[in-house]
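*Asks:* First, the structure itself, so that you have it in front of you.
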Amino acid sequence: MGFDTRAALRRCGSALLALMTSTGLLATDAASADGTPAKELFGARALPTAAAPTSYGFYSKGCLAGGIAIPTDGPTWQAMRLSRNRRWGHPEMIALIERFSHDAAEKIGWPGLLLGDISQPRGGPMLSGHASHQIGLDADIWLTPMPQKTLSYEERESISATSMLDKSKFLTIDRSVWTPSHARLIMLAASYPEVERVFVNPAIKKKLCDTWRGDRAALGKVRPIYGHDYHFHIRIKCPAGSQGCKDQAAVPAGDGCDKSLAWWFTEAPWAKPKKKPGEKPPKPRFAKLADLPKACALVLNGPAPASEQQATFGTAYHAPAAIPAAATSIEAVIGAAAETPFAEIPVPLPRPALQ
């Protein structure tokens, strides 16, 4: 049976509407008023909001309504670090990962994807590890090929991804681990029209600039950034209809193998910030709920589906319709279910048992 958002809302009844109206949820959420960091609020939600899928805000400042989970296992992927509960995303992001994993196996012979963090069930700031990944449109893919066995829960928590860098040299690829298949995998990810950027370590970007002999049209989407030597990061554009979603500026023209890449191989990106004598480091300021788009209060406090499996991508999932742009009431903001199934893939498996 599909996930019926209208039914979920009816179960909440008029009491939910009255409560949200009387407490002025959009502006005066109690958790926001007491100064609780938004990362603690969103990190505590185990399930998504039963809502039409919509990304609100920017990749590093927003939230996700109607998120869905990718199954822990598919024919061409396995999700890692399940304890983090970060395999949720906008349906378009999850569908892209599923398609990318099949294409990687069929077109370049990649054994399968190991999936890192995507987003939390309701997006928002994470308790650790990322500034972005807040609106369900970012996903990390390990550069380690998937093994030919189903990993246990414990293995998914303990196995480390493989760095592509030679640790004995500055920003240099380790020739003993890097292969042409790694290059083909990254360039395949960048080839999809909906992909806005693919973030990699500067050394990986330089390797691609120096060695890629295929079509270089998508190479400009591959952007150098700190870290990202163990995995690469796919970012897609705001989906159609997500009018509260803010796209990143378009990438500059060209393949990116220019002065902007050369800068990463200077001292400037790695220099420690200068401090005045006796200057104390500033106290970290964590974003509060009030710092996020107003709709994020509704996303945070909205009703959840009955179970994780009801909100997992697969044969039982049906995407709700987009949230109306001029929505003002809770019914309008949460949206309604539509009968549009995504690609049929195996029924989602339960999380592997701890062994």
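Ligands are numbered from 1 in the order shown, chains are lettered A, B, ... in the order of the structure tokens, and residues start at 1 in each chain.
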Taking a cut-off of 12 Å and counting only C-alpha atoms, can you build a table that, for each residue of region 124-200 of chain A near region 257-270 of chain A, reports the nearest atom pair and how far apart they are in Å (one decimal), sorted by chain then residue number, as a Markdown table?
*Replies:*
```
| residue | atom | partner | partner_atom | distance |
| --- | --- | --- | --- | --- |
| A:Phe170 | CA | A:Phe265 | CA | 8.5 |
| A:Leu171 | CA | A:Phe265 | CA | 7.5 |
| A:Thr172 | CA | A:Phe265 | CA | 10.2 |
| A:Val200 | CA | A:Leu261 | CA | 11.7 |
```
*Asks:* Residues near region 240-249 of chain A, anyone? I mean within 6 Å using only C-alpha atoms, not counting same-chain ones fewer than 6 positions away, as an mmCIF file with all heavy atoms, in the first residue's frame.
*Replies:*
```cif
data_model
loop_
_atom_site.group_PDB
_atom_site.id
_atom_site.type_symbol
_atom_site.label_atom_id
_atom_site.label_comp_id
_atom_site.auth_asym_id
_atom_site.auth_seq_id
_atom_site.Cartn_x
_atom_site.Cartn_y
_atom_site.Cartn_z
ATOM 1 N N THR A 54 9.410 18.612 -0.688
ATOM 2 C CA THR A 54 9.835 19.979 -0.999
ATOM 3 C C THR A 54 11.101 20.305 -0.223
ATOM 4 O O THR A 54 11.193 20.024 0.969
ATOM 5 C CB THR A 54 8.749 21.004 -0.624
ATOM 6 O OG1 THR A 54 7.511 20.638 -1.226
ATOM 7 C CG2 THR A 54 9.123 22.402 -1.088
ATOM 8 N N SER A 55 12.064 20.899 -0.924
ATOM 9 C CA SER A 55 13.285 21.374 -0.282
ATOM 10 C C SER A 55 13.132 22.856 0.014
ATOM 11 O O SER A 55 12.795 23.635 -0.874
ATOM 12 C CB SER A 55 14.489 21.146 -1.204
ATOM 13 O OG SER A 55 14.693 19.772 -1.442
ATOM 14 N N TYR A 56 13.374 23.242 1.261
ATOM 15 C CA TYR A 56 13.251 24.635 1.678
ATOM 16 C C TYR A 56 14.628 25.202 1.996
ATOM 17 O O TYR A 56 15.401 24.600 2.757
ATOM 18 C CB TYR A 56 12.378 24.755 2.928
ATOM 19 C CG TYR A 56 10.921 24.445 2.701
ATOM 20 C CD1 TYR A 56 10.374 23.240 3.138
ATOM 21 C CD2 TYR A 56 10.087 25.348 2.047
ATOM 22 C CE1 TYR A 56 9.031 22.949 2.934
ATOM 23 C CE2 TYR A 56 8.743 25.062 1.836
ATOM 24 C CZ TYR A 56 8.227 23.865 2.281
ATOM 25 O OH TYR A 56 6.907 23.583 2.076
ATOM 26 N N GLY A 57 14.928 26.369 1.446
ATOM 27 C CA GLY A 57 16.170 27.040 1.768
ATOM 28 C C GLY A 57 17.312 26.638 0.868
ATOM 29 O O GLY A 57 17.138 26.205 -0.275
ATOM 30 N N PHE A 58 18.528 26.785 1.418
ATOM 31 C CA PHE A 58 19.756 26.526 0.671
ATOM 32 C C PHE A 58 20.383 25.236 1.188
ATOM 33 O O PHE A 58 20.039 24.741 2.259
ATOM 34 C CB PHE A 58 20.723 27.711 0.850
ATOM 35 C CG PHE A 58 21.928 27.677 -0.044
ATOM 36 C CD1 PHE A 58 21.790 27.731 -1.422
ATOM 37 C CD2 PHE A 58 23.204 27.588 0.496
ATOM 38 C CE1 PHE A 58 22.903 27.700 -2.255
ATOM 39 C CE2 PHE A 58 24.326 27.555 -0.325
ATOM 40 C CZ PHE A 58 24.182 27.619 -1.705
#
```
*Asks:* Please build the interface table for region 142-179 of chain A against region 206-222 of chain A with a cut-off of 12 Å, listing for each qualifying residue the nearest atom pair and the distance in Å to one decimal; count only C-alpha atoms, order rows by chain and increasing number, and write it as CSV.
*Replies:*
```
residue,atom,partner,partner_atom,distance
A:Met164,CA,A:Lys207,CA,10.7
A:Leu165,CA,A:Lys207,CA,11.0
A:Leu171,CA,A:Lys206,CA,9.3
A:Thr172,CA,A:Lys207,CA,8.7
A:Ile173,CA,A:Lys207,CA,7.4
A:Asp174,CA,A:Lys207,CA,10.6
A:Arg175,CA,A:Lys207,CA,10.6
A:Trp178,CA,A:Lys207,CA,9.7
A:Thr179,CA,A:Lys207,CA,10.7
```
*Asks:* Per residue of region 124-176 of chain A within 6 Å of region 231-237 of chain A, which atom pair is closest and at what distance in Å (one decimal), using only C-alpha atoms, listed by chain and increasing number, as a tab-separated table?
*Replies:*
```
residue	atom	partner	partner_atom	distance
A:Leu137	CA	A:Ile236	CA	5.5
A:Asp138	CA	A:Arg235	CA	4.5
A:Ala139	CA	A:Ile234	CA	5.2
A:Asp140	CA	A:His233	CA	4.5
A:Ile141	CA	A:His231	CA	5.4
A:Trp142	CA	A:His231	CA	4.2
A:Leu143	CA	A:His231	CA	4.9
```
*Asks:* Point out the residue among A:Arg223, A:Lys294, A:His228, A:Arg81 with the least atom-to-atom distance to Ser158 (chain A), counting only C-alpha atoms.
*Replies:*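 Under the stated criterion, the closest residue is A:Arg81.
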*Asks:* Need the shell around region 98-112 of chain A: protein/DNA/RNA residues with any atom at most 8 Å away, counting only C-alpha atoms. Skip same-chain ones fewer than 2 positions apart. Format as a list of chain:residue names?
*Replies:* A:Pro75, A:Thr76, A:Trp77, A:Gln78, A:Ile94, A:Ala95, A:Leu96, A:Leu114, A:Pro145, A:Met146, A:Pro147, A:Gln148, A:Ser181, A:Arg184, A:Leu185, A:Leu188, A:Ala189
